[in-house]
Amino acid sequence: MYIRYLPVILIFVQVFRMQAQATDTLETLSLDEMVVVGSYRSSISRSVSQSVDLADKTFLTEHFTGNLVQTLDNMTGIRSMDIGAGFAKPMIRGLGFNRIVVSENGIKQEGQQWGADHGLEIDAFDVERVVVRKGPSSLLYGSDAMGGAIEISPAPAPPDNRLYGEVSLLGKSVNETLGGSLMLGIKQNVWHVKARFSEQHFGDYRIPADTVVYLTQRMPVYGRKLKNTAGFERNASLFAEYRQKAYYADYAISNAFQKVGFFSGAHGIPDVSRLQDDGDSRNIDMPFSAVNHLKVTTRQQLTNDGIVVRWDLGFQHNHREEWSLFHTHYATQSLPAEDPDKELAFSLSTASSALRTEWDSGELWKHTVGWDVQYQRNDIAGYSFLLPEFERFTTGGLWLSVFRPNERLTVSGGLRYDFGKMHIAGFRDVYLEEYLRDRNYPEDVVEAHRWRSYPIDRSFDDISGSLGAVLQLSGSYLIKVNIGRSFRLPGANELASNGVHHGAFRHEQGDGSLPSERGWQFDAGLIFERENIRMAFSPFFSWFENYIYLRPSGEWSILPHAGQIYRYSGAKAVFAGSEAELSVDFLSNLTYRLSGEYVYTHNVDEHTPMAFSPPASVRNAVVFRPVKDLQLTAEVQTIATQNRVARNEDRTPGANLVRLSASVHLPYADVVLSAHNLLNTAYFNHLSFYRKVEIPEPGRNIQLLIKIPFGANRQTK
């Protein structure tokens, strides 16, 4: 494992730092970066009518978990749909999956994000700044952004020529994580280049329970470790930027690989014998998933006479496999000759282009026009079937104008038109066809089910828009209002999936006639800020004309051992709620923080809540800084009971979770020691992948993060 070389690297770094001590200006640079980030936070808050939040480098370090989404879970309005202890996907104000766009360096991250068991393939060590847009973002990103956007961007280049870098070390007790990352960078005149390599290895994670229940069957958890939840991830990236007068360009290439096991008792039909302790908590047995995400992007930007032209180009290849010992319900299906245990494989290739032009019209107006194009192709493999092969093409144009008549008022508005085309290949299941005939099903039943997916060729087009205002009433009060119309093209899974999805524990079936998802969304914000106090209140309301969701059909699946069919359907739906924050500074070294959020969902057609509705939660935190470079934090998170659930969805009891942390800035390192779920509370995450199996969240976790930056000035030649 490459991670074993980190101690040697650590020694090298310390020697390097001692040699460079005389010219090291790290502390001054850190102060400069803090000032820049503060200005950026203030700028986006006053210029964007939507609710936005910023996670800067300090926030990301203090709340680092080794997983980006779980780190952002500490922000109000953002929730983590966890997949065990290592992977997660984001949810904003109750909306997730293909309704959230994650953008890195200007390009949308594209993977198999439709699945509840599919994480986000981004190196958490390599994230330096995140802007979260809460609410409709279709105007900027088109389809798939109706719930919001998470924008990841690199930190600014150092102001002077230098060779620098950082070593990060991570350890966790709950699953015996050992992780590390090495970054090396160089700034030389017009060029800035960074390279990073990261790796994490973790074992089966501990839970505060001895048994779990799945399909009414009680299963033991030996040693309170969830067997076969071990895994590892390995990431590498290279980023280069060039800046010369009016021309700017950057180039990035990254590869993220993740492999993680699935708890055997939660995949397919439970088998207690498979849960026996094998004596190795770090091995990865079947079933497991493996995913590799390759991404290549570039930005080309030219500024001339107040006009900025920016072109983002990207190519991604996401390859996901799910492996499970070959099993079949059909007597005629034989063991595959190649990769016999590969159950499912999805190989998604995406090419993206985003062109933007910005200019000022006089002193009061700023305009942006843009044109986006994306092409996707998804291939499949494996002895099982869930999702067919497909091709998808989308393109759209936007216009956004910002009017600022004075320093207090900003008004913005824009429109966007998008066109999309989806081609889905048919899939004929000869094994199911023979299975039905052998059991003497009528020929019309055989004919209706032998095509697991019919060929589909459909086109979609729609308009999205946004209108908002930001008003600075005085030096302390800021009011924001925004209304937007957004849409989302149905995904291939919603149109054509048809099979047992072990990751979601059900037979999922698409509907090829589904129209686009459309909605109207309103959100507002009131911010009060003075020297020692900050308050923010952000209510929101969303109305969806055709919200696409999985509805229990009441029909028994004809597939063997598949249970009830859950069919993708459209419904009128309401999402509403609010976020609130309060921060008060006492004296010069004590801060009290209170934050809370609530999301209300309602299926108007079914008169039930929507599935995966996050429960209300409140965080109370006290931050104490006894000396300049030491910060102590104590936090209690109260999670409410979630009784508003969809049909066939379990209610989830509430919980109180305690977190303690200490962060210290040493002359040559930043150290963060934290204790999560300090009281080892047995609780459920309502959004968790394992919630349906009644598996509680990880138990007490003591985590240590060490970041050792190093750097030296380099003379200009």
# chains A, B, ... in the order shown; residues from 1 in each chain; ligands from 1
$ residues_around --residues "Phe684 in chain A" --least-positions-apart "6" --cutoff "10 Å" --atoms "only C-alpha atoms" --output "PyMOL selection string"
chain A and resi 639+651-655+690-692+694-698
$ residues_around --residues "range 249-255 of chain A" --least-positions-apart "4" --cutoff "8 Å" --atoms "only C-alpha atoms" --output "PyMOL selection string"
chain A and resi 235-243+292-301
$ write_last_selection --atoms "N, CA, C and O atoms" --output "mmCIF file, in the first residue's frame"
data_model
loop_
_atom_site.group_PDB
_atom_site.id
_atom_site.type_symbol
_atom_site.label_atom_id
_atom_site.label_comp_id
_atom_site.auth_asym_id
_atom_site.auth_seq_id
_atom_site.Cartn_x
_atom_site.Cartn_y
_atom_site.Cartn_z
ATOM 1 N N ASN A 235 -6.704 8.180 -4.904
ATOM 2 C CA ASN A 235 -6.974 9.307 -5.794
ATOM 3 C C ASN A 235 -5.674 9.985 -6.201
ATOM 4 O O ASN A 235 -4.741 10.109 -5.389
ATOM 5 N N ALA A 236 -5.643 10.447 -7.429
ATOM 6 C CA ALA A 236 -4.492 11.202 -7.930
ATOM 7 C C ALA A 236 -5.002 12.333 -8.811
ATOM 8 O O ALA A 236 -6.004 12.176 -9.530
ATOM 9 N N SER A 237 -4.321 13.478 -8.759
ATOM 10 C CA SER A 237 -4.756 14.620 -9.570
ATOM 11 C C SER A 237 -3.570 15.499 -9.915
ATOM 12 O O SER A 237 -2.568 15.548 -9.197
ATOM 13 N N LEU A 238 -3.729 16.214 -11.022
ATOM 14 C CA LEU A 238 -2.734 17.183 -11.483
ATOM 15 C C LEU A 238 -3.482 18.406 -11.987
ATOM 16 O O LEU A 238 -4.417 18.288 -12.787
ATOM 17 N N PHE A 239 -3.082 19.576 -11.493
ATOM 18 C CA PHE A 239 -3.737 20.826 -11.870
ATOM 19 C C PHE A 239 -2.670 21.834 -12.267
ATOM 20 O O PHE A 239 -1.667 22.008 -11.568
ATOM 21 N N ALA A 240 -2.877 22.503 -13.396
ATOM 22 C CA ALA A 240 -1.942 23.523 -13.870
ATOM 23 C C ALA A 240 -2.730 24.715 -14.386
ATOM 24 O O ALA A 240 -3.757 24.550 -15.051
ATOM 25 N N GLU A 241 -2.250 25.911 -14.052
ATOM 26 C CA GLU A 241 -2.888 27.120 -14.565
ATOM 27 C C GLU A 241 -1.836 28.085 -15.087
ATOM 28 O O GLU A 241 -0.711 28.147 -14.582
ATOM 29 N N TYR A 242 -2.244 28.831 -16.107
ATOM 30 C CA TYR A 242 -1.365 29.786 -16.781
ATOM 31 C C TYR A 242 -2.094 31.122 -16.841
ATOM 32 O O TYR A 242 -3.257 31.191 -17.248
ATOM 33 N N ARG A 243 -1.407 32.192 -16.426
ATOM 34 C CA ARG A 243 -2.022 33.514 -16.416
ATOM 35 C C ARG A 243 -1.030 34.516 -17.002
ATOM 36 O O ARG A 243 0.056 34.727 -16.467
ATOM 37 N N ASN A 292 -14.413 3.614 -10.650
ATOM 38 C CA ASN A 292 -13.271 4.430 -11.067
ATOM 39 C C ASN A 292 -13.799 5.616 -11.876
ATOM 40 O O ASN A 292 -14.609 5.445 -12.798
ATOM 41 N N HIS A 293 -13.359 6.818 -11.479
ATOM 42 C CA HIS A 293 -13.829 8.030 -12.159
ATOM 43 C C HIS A 293 -12.622 8.805 -12.674
ATOM 44 O O HIS A 293 -11.818 9.329 -11.895
ATOM 45 N N LEU A 294 -12.507 8.878 -14.000
ATOM 46 C CA LEU A 294 -11.452 9.643 -14.665
ATOM 47 C C LEU A 294 -12.050 10.934 -15.206
ATOM 48 O O LEU A 294 -13.107 10.906 -15.848
ATOM 49 N N LYS A 295 -11.381 12.060 -14.941
ATOM 50 C CA LYS A 295 -11.908 13.347 -15.390
ATOM 51 C C LYS A 295 -10.777 14.212 -15.922
ATOM 52 O O LYS A 295 -9.732 14.342 -15.278
ATOM 53 N N VAL A 296 -11.000 14.800 -17.089
ATOM 54 C CA VAL A 296 -10.049 15.716 -17.709
ATOM 55 C C VAL A 296 -10.803 16.995 -18.050
ATOM 56 O O VAL A 296 -11.831 16.948 -18.739
ATOM 57 N N THR A 297 -10.324 18.144 -17.566
ATOM 58 C CA THR A 297 -11.020 19.407 -17.808
ATOM 59 C C THR A 297 -10.026 20.498 -18.169
ATOM 60 O O THR A 297 -8.835 20.417 -17.834
ATOM 61 N N THR A 298 -10.538 21.529 -18.821
ATOM 62 C CA THR A 298 -9.742 22.721 -19.091
ATOM 63 C C THR A 298 -10.647 23.938 -19.118
ATOM 64 O O THR A 298 -11.829 23.834 -19.501
ATOM 65 N N ARG A 299 -10.116 25.050 -18.699
ATOM 66 C CA ARG A 299 -10.803 26.339 -18.808
ATOM 67 C C ARG A 299 -9.926 27.285 -19.617
ATOM 68 O O ARG A 299 -8.739 27.451 -19.319
ATOM 69 N N GLN A 300 -10.508 27.906 -20.616
ATOM 70 C CA GLN A 300 -9.847 28.905 -21.432
ATOM 71 C C GLN A 300 -10.594 30.229 -21.249
ATOM 72 O O GLN A 300 -11.796 30.288 -21.489
ATOM 73 N N GLN A 301 -9.887 31.271 -20.824
ATOM 74 C CA GLN A 301 -10.549 32.536 -20.510
ATOM 75 C C GLN A 301 -9.765 33.704 -21.080
ATOM 76 O O GLN A 301 -8.541 33.767 -20.963
#
$ residues_around --residues "Ile463 in chain A" --least-positions-apart "3" --cutoff "10 Å" --atoms "only C-alpha atoms" --output "PyMOL selection string"
chain A and resi 138-139+142+396-398+415-419+485-487+518
$ write_last_selection --atoms "N, CA, C and O atoms" --output "compact mmCIF listing (two decimals), in the first residue's frame"
# COMPACT_ATOMS: atom_id res chain seq x y z
N SER A 138 -31.19 25.69 -12.10
CA SER A 138 -31.30 25.26 -13.49
C SER A 138 -30.87 26.36 -14.45
O SER A 138 -30.41 26.09 -15.56
N LEU A 139 -31.03 27.62 -14.04
CA LEU A 139 -30.63 28.72 -14.91
C LEU A 139 -29.16 28.64 -15.26
O LEU A 139 -28.77 28.86 -16.41
N GLY A 142 -28.75 24.08 -16.04
CA GLY A 142 -29.68 23.29 -16.81
C GLY A 142 -30.30 22.18 -15.99
O GLY A 142 -30.43 22.27 -14.77
N GLY A 396 -28.29 23.83 -24.19
CA GLY A 396 -29.13 24.91 -23.71
C GLY A 396 -28.40 26.24 -23.73
O GLY A 396 -27.17 26.29 -23.66
N GLY A 397 -29.18 27.32 -23.84
CA GLY A 397 -28.63 28.67 -23.82
C GLY A 397 -29.27 29.49 -22.72
O GLY A 397 -30.44 29.30 -22.38
N LEU A 398 -28.50 30.41 -22.13
CA LEU A 398 -29.00 31.21 -21.02
C LEU A 398 -28.65 32.68 -21.20
O LEU A 398 -27.68 33.04 -21.88
N LEU A 415 -33.26 33.96 -18.14
CA LEU A 415 -34.03 32.88 -18.74
C LEU A 415 -33.08 31.88 -19.38
O LEU A 415 -31.95 32.22 -19.77
N ARG A 416 -33.55 30.65 -19.49
CA ARG A 416 -32.75 29.60 -20.11
C ARG A 416 -33.67 28.65 -20.86
O ARG A 416 -34.76 28.30 -20.38
N TYR A 417 -33.23 28.25 -22.05
CA TYR A 417 -33.94 27.24 -22.84
C TYR A 417 -33.04 26.03 -23.01
O TYR A 417 -31.85 26.17 -23.33
N ASP A 418 -33.59 24.84 -22.78
CA ASP A 418 -32.83 23.60 -22.91
C ASP A 418 -33.57 22.61 -23.79
O ASP A 418 -34.81 22.52 -23.76
N PHE A 419 -32.77 21.84 -24.52
CA PHE A 419 -33.28 20.75 -25.35
C PHE A 419 -32.51 19.49 -25.01
O PHE A 419 -31.28 19.52 -24.83
N ARG A 485 -38.19 29.20 -11.77
CA ARG A 485 -38.84 28.05 -12.40
C ARG A 485 -37.75 27.12 -12.90
O ARG A 485 -36.84 27.56 -13.61
N SER A 486 -37.84 25.87 -12.53
CA SER A 486 -36.80 24.92 -12.90
C SER A 486 -37.42 23.66 -13.48
O SER A 486 -38.62 23.43 -13.39
N PHE A 487 -36.58 22.85 -14.08
CA PHE A 487 -37.05 21.60 -14.67
C PHE A 487 -35.93 20.57 -14.62
O PHE A 487 -34.77 20.89 -14.37
N ARG A 518 -41.06 19.48 -13.40
CA ARG A 518 -41.12 20.94 -13.44
C ARG A 518 -41.52 21.47 -12.07
O ARG A 518 -42.29 20.83 -11.36
$ atom_distance --atom1 "CA of Val221 in chain A" --atom2 "CA of Pro614 in chain A"
27.1 Å
$ closest_residue --among "A:Val664, A:Ser168, A:Gly115, A:Val212" --to "Glu508 in chain A" --atoms "only C-alpha atoms"
A:Gly115
$ residues_around --residues "Ala337 in chain A" --least-positions-apart "4" --cutoff "12 Å" --atoms "only C-alpha atoms" --output "ChimeraX atom specification"
/A:326,333,341-342,382-383
$ write_last_selection --atoms "all heavy atoms" --output "CSV table (one decimal), in the first residue's frame"
chain,number,residue,atom,x,y,z
A,326,PHE,N,-22.0,-15.6,-8.2
A,326,PHE,CA,-23.0,-15.8,-9.2
A,326,PHE,C,-24.2,-16.6,-8.6
A,326,PHE,O,-24.0,-17.6,-8.0
A,326,PHE,CB,-22.4,-16.6,-10.4
A,326,PHE,CG,-23.4,-17.0,-11.4
A,326,PHE,CD1,-23.8,-16.1,-12.4
A,326,PHE,CD2,-23.9,-18.3,-11.4
A,326,PHE,CE1,-24.7,-16.5,-13.3
A,326,PHE,CE2,-24.8,-18.7,-12.4
A,326,PHE,CZ,-25.2,-17.8,-13.3
A,333,GLN,N,-29.8,-20.3,-17.2
A,333,GLN,CA,-28.7,-19.3,-17.2
A,333,GLN,C,-27.5,-20.0,-16.7
A,333,GLN,O,-27.4,-20.4,-15.5
A,333,GLN,CB,-29.1,-18.1,-16.4
A,333,GLN,CG,-28.0,-17.0,-16.5
A,333,GLN,CD,-28.4,-15.7,-15.8
A,333,GLN,OE1,-29.4,-15.7,-15.0
A,333,GLN,NE2,-27.7,-14.7,-15.9
A,341,ASP,N,-18.6,-13.5,-11.6
A,341,ASP,CA,-19.2,-13.0,-10.4
A,341,ASP,C,-19.5,-11.5,-10.5
A,341,ASP,O,-19.9,-10.8,-9.6
A,341,ASP,CB,-18.4,-13.2,-9.2
A,341,ASP,CG,-18.1,-14.6,-8.9
A,341,ASP,OD1,-19.1,-15.4,-9.0
A,341,ASP,OD2,-17.0,-15.0,-8.5
A,342,LYS,N,-19.4,-11.0,-11.8
A,342,LYS,CA,-19.7,-9.5,-12.0
A,342,LYS,C,-21.2,-9.4,-12.2
A,342,LYS,O,-21.8,-9.8,-13.2
A,342,LYS,CB,-19.0,-9.0,-13.2
A,342,LYS,CG,-19.2,-7.5,-13.4
A,342,LYS,CD,-18.6,-7.0,-14.8
A,342,LYS,CE,-17.1,-7.1,-14.8
A,342,LYS,NZ,-16.6,-6.6,-16.0
A,382,GLY,N,-22.5,-7.6,-17.0
A,382,GLY,CA,-22.9,-8.4,-15.9
A,382,GLY,C,-24.0,-9.4,-16.1
A,382,GLY,O,-24.7,-9.3,-17.1
A,383,TYR,N,-24.0,-10.4,-15.2
A,383,TYR,CA,-25.0,-11.5,-15.4
A,383,TYR,C,-26.4,-11.1,-15.0
A,383,TYR,O,-27.4,-11.8,-15.2
A,383,TYR,CB,-24.6,-12.7,-14.6
A,383,TYR,CG,-24.5,-12.6,-13.1
A,383,TYR,CD1,-25.6,-12.7,-12.4
A,383,TYR,CD2,-23.3,-12.4,-12.5
A,383,TYR,CE1,-25.6,-12.6,-11.0
A,383,TYR,CE2,-23.2,-12.3,-11.1
A,383,TYR,CZ,-24.4,-12.4,-10.4
A,383,TYR,OH,-24.3,-12.3,-9.0
$ closest_residue --among "A:Pro136, A:Gly119, A:Pro667, A:Gly147" --to "Met91 in chain A" --atoms "only C-alpha atoms"
A:Gly147
$ closest_residue --among "A:Met75, A:Glu555, A:Arg356, A:Tyr330" --to "Leu594 in chain A" --atoms "only C-alpha atoms"
A:Met75
$ select_by_dssp --residues "range 550-598 of chain A" --states "strand (DSSP E or B)" --output "PDB file with C-alpha atoms, in the first residue's frame"
ATOM      1  CA  LEU A 550     -40.696   5.600  -6.795  1.00  0.00           C
ATOM      2  CA  ARG A 551     -44.255   4.652  -5.914  1.00  0.00           C
ATOM      3  CA  PRO A 552     -45.191   1.244  -4.471  1.00  0.00           C
ATOM      4  CA  SER A 553     -47.504  -0.103  -7.175  1.00  0.00           C
ATOM      5  CA  GLY A 554     -49.304  -2.793  -5.163  1.00  0.00           C
ATOM      6  CA  GLU A 555     -48.392  -5.231  -7.967  1.00  0.00           C
ATOM      7  CA  TRP A 556     -46.407  -8.381  -7.278  1.00  0.00           C
ATOM      8  CA  GLN A 564     -43.513  -5.737  -4.906  1.00  0.00           C
ATOM      9  CA  ILE A 565     -42.861  -3.493  -7.912  1.00  0.00           C
ATOM     10  CA  TYR A 566     -41.867   0.093  -7.187  1.00  0.00           C
ATOM     11  CA  ARG A 567     -42.655   2.128 -10.307  1.00  0.00           C
ATOM     12  CA  TYR A 568     -41.364   5.598 -11.181  1.00  0.00           C
ATOM     13  CA  SER A 569     -44.360   7.932 -11.286  1.00  0.00           C
ATOM     14  CA  GLY A 570     -45.097  11.651 -11.373  1.00  0.00           C
ATOM     15  CA  ALA A 571     -47.053  13.579  -8.758  1.00  0.00           C
ATOM     16  CA  LYS A 572     -47.749  17.094  -7.582  1.00  0.00           C
ATOM     17  CA  ALA A 573     -45.548  17.758  -4.564  1.00  0.00           C
ATOM     18  CA  VAL A 574     -44.714  20.463  -2.052  1.00  0.00           C
ATOM     19  CA  PHE A 575     -41.363  21.036  -0.350  1.00  0.00           C
ATOM     20  CA  ALA A 576     -41.149  23.785   2.265  1.00  0.00           C
ATOM     21  CA  GLY A 577     -39.120  24.702   5.306  1.00  0.00           C
ATOM     22  CA  SER A 578     -36.440  26.986   6.624  1.00  0.00           C
ATOM     23  CA  GLU A 579     -32.938  27.278   8.018  1.00  0.00           C
ATOM     24  CA  ALA A 580     -31.862  29.503  10.879  1.00  0.00           C
ATOM     25  CA  GLU A 581     -28.469  30.418  12.314  1.00  0.00           C
ATOM     26  CA  LEU A 582     -27.277  32.441  15.283  1.00  0.00           C
ATOM     27  CA  SER A 583     -23.693  33.217  16.240  1.00  0.00           C
ATOM     28  CA  VAL A 584     -22.773  35.343  19.263  1.00  0.00           C
ATOM     29  CA  ASP A 585     -19.262  36.294  20.400  1.00  0.00           C
ATOM     30  CA  PHE A 586     -18.784  36.704  24.150  1.00  0.00           C
ATOM     31  CA  LEU A 590     -15.943  32.559  23.451  1.00  0.00           C
ATOM     32  CA  THR A 591     -18.561  31.976  20.718  1.00  0.00           C
ATOM     33  CA  TYR A 592     -21.999  30.396  20.918  1.00  0.00           C
ATOM     34  CA  ARG A 593     -23.532  28.996  17.733  1.00  0.00           C
ATOM     35  CA  LEU A 594     -27.086  27.811  17.187  1.00  0.00           C
ATOM     36  CA  SER A 595     -28.307  26.417  13.869  1.00  0.00           C
ATOM     37  CA  GLY A 596     -31.382  24.495  12.844  1.00  0.00           C
ATOM     38  CA  GLU A 597     -33.340  23.334   9.826  1.00  0.00           C
ATOM     39  CA  TYR A 598     -36.719  21.884   8.964  1.00  0.00           C
TER      40      TYR A 598
END
$ closest_residue --among "A:Gly370, A:Gly231, A:Gly66, A:Pro442" --to "Lys259 in chain A" --atoms "only C-alpha atoms"
A:Gly231
$ residues_around --residues "Asn74 in chain A" --least-positions-apart "2" --cutoff "10 Å" --atoms "only C-alpha atoms" --output "PDB file with N, CA, C and O atoms, in the first residue's frame"
ATOM      1  N   ALA A  55     -17.960  27.111   2.259  1.00  0.00           N
ATOM      2  CA  ALA A  55     -17.073  26.304   3.094  1.00  0.00           C
ATOM      3  C   ALA A  55     -15.644  26.605   2.663  1.00  0.00           C
ATOM      4  O   ALA A  55     -15.217  26.179   1.586  1.00  0.00           O
ATOM      5  N   PHE A  59     -13.005  25.923   7.482  1.00  0.00           N
ATOM      6  CA  PHE A  59     -14.175  25.089   7.770  1.00  0.00           C
ATOM      7  C   PHE A  59     -13.922  23.648   7.359  1.00  0.00           C
ATOM      8  O   PHE A  59     -14.235  22.706   8.108  1.00  0.00           O
ATOM      9  N   LEU A  60     -13.380  23.446   6.169  1.00  0.00           N
ATOM     10  CA  LEU A  60     -13.152  22.096   5.667  1.00  0.00           C
ATOM     11  C   LEU A  60     -12.148  21.335   6.535  1.00  0.00           C
ATOM     12  O   LEU A  60     -12.259  20.116   6.699  1.00  0.00           O
ATOM     13  N   HIS A  63     -13.864  20.440  10.124  1.00  0.00           N
ATOM     14  CA  HIS A  63     -14.922  19.429  10.064  1.00  0.00           C
ATOM     15  C   HIS A  63     -14.560  18.256   9.157  1.00  0.00           C
ATOM     16  O   HIS A  63     -15.432  17.484   8.756  1.00  0.00           O
ATOM     17  N   PHE A  64     -13.298  18.116   8.836  1.00  0.00           N
ATOM     18  CA  PHE A  64     -12.862  17.089   7.888  1.00  0.00           C
ATOM     19  C   PHE A  64     -13.204  15.696   8.401  1.00  0.00           C
ATOM     20  O   PHE A  64     -13.008  15.372   9.573  1.00  0.00           O
ATOM     21  N   VAL A  69     -18.948  14.969   1.346  1.00  0.00           N
ATOM     22  CA  VAL A  69     -20.366  15.165   1.650  1.00  0.00           C
ATOM     23  C   VAL A  69     -20.609  15.130   3.149  1.00  0.00           C
ATOM     24  O   VAL A  69     -21.362  15.937   3.694  1.00  0.00           O
ATOM     25  N   GLN A  70     -19.961  14.204   3.854  1.00  0.00           N
ATOM     26  CA  GLN A  70     -20.125  14.138   5.299  1.00  0.00           C
ATOM     27  C   GLN A  70     -19.535  15.365   5.982  1.00  0.00           C
ATOM     28  O   GLN A  70     -19.998  15.778   7.052  1.00  0.00           O
ATOM     29  N   THR A  71     -18.532  15.979   5.378  1.00  0.00           N
ATOM     30  CA  THR A  71     -18.002  17.238   5.896  1.00  0.00           C
ATOM     31  C   THR A  71     -19.011  18.359   5.728  1.00  0.00           C
ATOM     32  O   THR A  71     -19.270  19.139   6.649  1.00  0.00           O
ATOM     33  N   LEU A  72     -19.634  18.444   4.541  1.00  0.00           N
ATOM     34  CA  LEU A  72     -20.617  19.490   4.279  1.00  0.00           C
ATOM     35  C   LEU A  72     -21.898  19.288   5.079  1.00  0.00           C
ATOM     36  O   LEU A  72     -22.702  20.218   5.198  1.00  0.00           O
ATOM     37  N   THR A  76     -25.942  24.079   7.498  1.00  0.00           N
ATOM     38  CA  THR A  76     -27.398  24.014   7.554  1.00  0.00           C
ATOM     39  C   THR A  76     -27.961  23.860   6.139  1.00  0.00           C
ATOM     40  O   THR A  76     -27.466  24.449   5.184  1.00  0.00           O
ATOM     41  N   GLY A  77     -29.009  23.052   6.031  1.00  0.00           N
ATOM     42  CA  GLY A  77     -29.676  22.832   4.751  1.00  0.00           C
ATOM     43  C   GLY A  77     -29.092  21.717   3.935  1.00  0.00           C
ATOM     44  O   GLY A  77     -29.671  21.337   2.913  1.00  0.00           O
ATOM     45  N   ILE A  78     -27.956  21.165   4.336  1.00  0.00           N
ATOM     46  CA  ILE A  78     -27.289  20.105   3.580  1.00  0.00           C
ATOM     47  C   ILE A  78     -27.277  18.843   4.427  1.00  0.00           C
ATOM     48  O   ILE A  78     -26.919  18.873   5.607  1.00  0.00           O
ATOM     49  N   ARG A  79     -27.681  17.737   3.817  1.00  0.00           N
ATOM     50  CA  ARG A  79     -27.692  16.469   4.516  1.00  0.00           C
ATOM     51  C   ARG A  79     -26.900  15.432   3.733  1.00  0.00           C
ATOM     52  O   ARG A  79     -26.785  15.510   2.513  1.00  0.00           O
ATOM     53  N   SER A  80     -26.386  14.463   4.464  1.00  0.00           N
ATOM     54  CA  SER A  80     -25.569  13.411   3.887  1.00  0.00           C
ATOM     55  C   SER A  80     -26.360  12.109   3.857  1.00  0.00           C
ATOM     56  O   SER A  80     -26.835  11.642   4.893  1.00  0.00           O
ATOM     57  N   SER A 595     -27.828  26.565  15.246  1.00  0.00           N
ATOM     58  CA  SER A 595     -28.307  26.417  13.869  1.00  0.00           C
ATOM     59  C   SER A 595     -29.356  25.313  13.819  1.00  0.00           C
ATOM     60  O   SER A 595     -29.270  24.336  14.575  1.00  0.00           O
ATOM     61  N   ARG A 619     -28.430  22.256  16.105  1.00  0.00           N
ATOM     62  CA  ARG A 619     -27.073  22.134  16.640  1.00  0.00           C
ATOM     63  C   ARG A 619     -26.806  23.287  17.614  1.00  0.00           C
ATOM     64  O   ARG A 619     -27.041  24.450  17.275  1.00  0.00           O
TER      65      ARG A 619
END
$ select_by_dssp --residues "range 432-635 of chain A" --states "helix (DSSP H, G or I)" --output "PyMOL selection string"
chain A and resi 432-438+443-449+492-496
$ residues_around --residues "Met219 in chain A" --least-positions-apart "3" --cutoff "8 Å" --atoms "only C-alpha atoms" --output "count of residues only"
6
$ residues_around --residues "range 95-108 of chain A" --least-positions-apart "2" --cutoff "9 Å" --atoms "only C-alpha atoms" --output "MDAnalysis selection string"
chainID A and resid 81 89:93 110 113:116 120 137 141 143:154 252 297:299 312:315 352:354 488 491 575 612:613
$ atom_distance --atom1 "CA of Leu163 in chain A" --atom2 "CA of Leu184 in chain A"
7.7 Å
$ decode --residues "range 592-598 of chain A" --atoms "N, CA, C and O atoms" --output "CSV table (one decimal), in the first residue's frame"
chain,number,residue,atom,x,y,z
A,592,TYR,N,-20.9,31.3,20.9
A,592,TYR,CA,-22.0,30.4,20.9
A,592,TYR,C,-22.7,30.4,19.6
A,592,TYR,O,-23.0,31.4,19.0
A,593,ARG,N,-22.9,29.2,19.0
A,593,ARG,CA,-23.5,29.0,17.7
A,593,ARG,C,-24.8,28.1,17.8
A,593,ARG,O,-24.7,27.1,18.5
A,594,LEU,N,-25.8,28.6,17.2
A,594,LEU,CA,-27.1,27.8,17.2
A,594,LEU,C,-27.5,27.8,15.7
A,594,LEU,O,-27.6,28.8,15.0
A,595,SER,N,-27.8,26.6,15.2
A,595,SER,CA,-28.3,26.4,13.9
A,595,SER,C,-29.4,25.3,13.8
A,595,SER,O,-29.3,24.3,14.6
A,596,GLY,N,-30.3,25.5,13.0
A,596,GLY,CA,-31.4,24.5,12.8
A,596,GLY,C,-32.0,24.5,11.5
A,596,GLY,O,-31.8,25.5,10.7
A,597,GLU,N,-32.7,23.4,11.1
A,597,GLU,CA,-33.3,23.3,9.8
A,597,GLU,C,-34.6,22.4,9.9
A,597,GLU,O,-34.6,21.5,10.8
A,598,TYR,N,-35.5,22.7,9.0
A,598,TYR,CA,-36.7,21.9,9.0
A,598,TYR,C,-37.2,21.8,7.5
A,598,TYR,O,-37.2,22.8,6.8
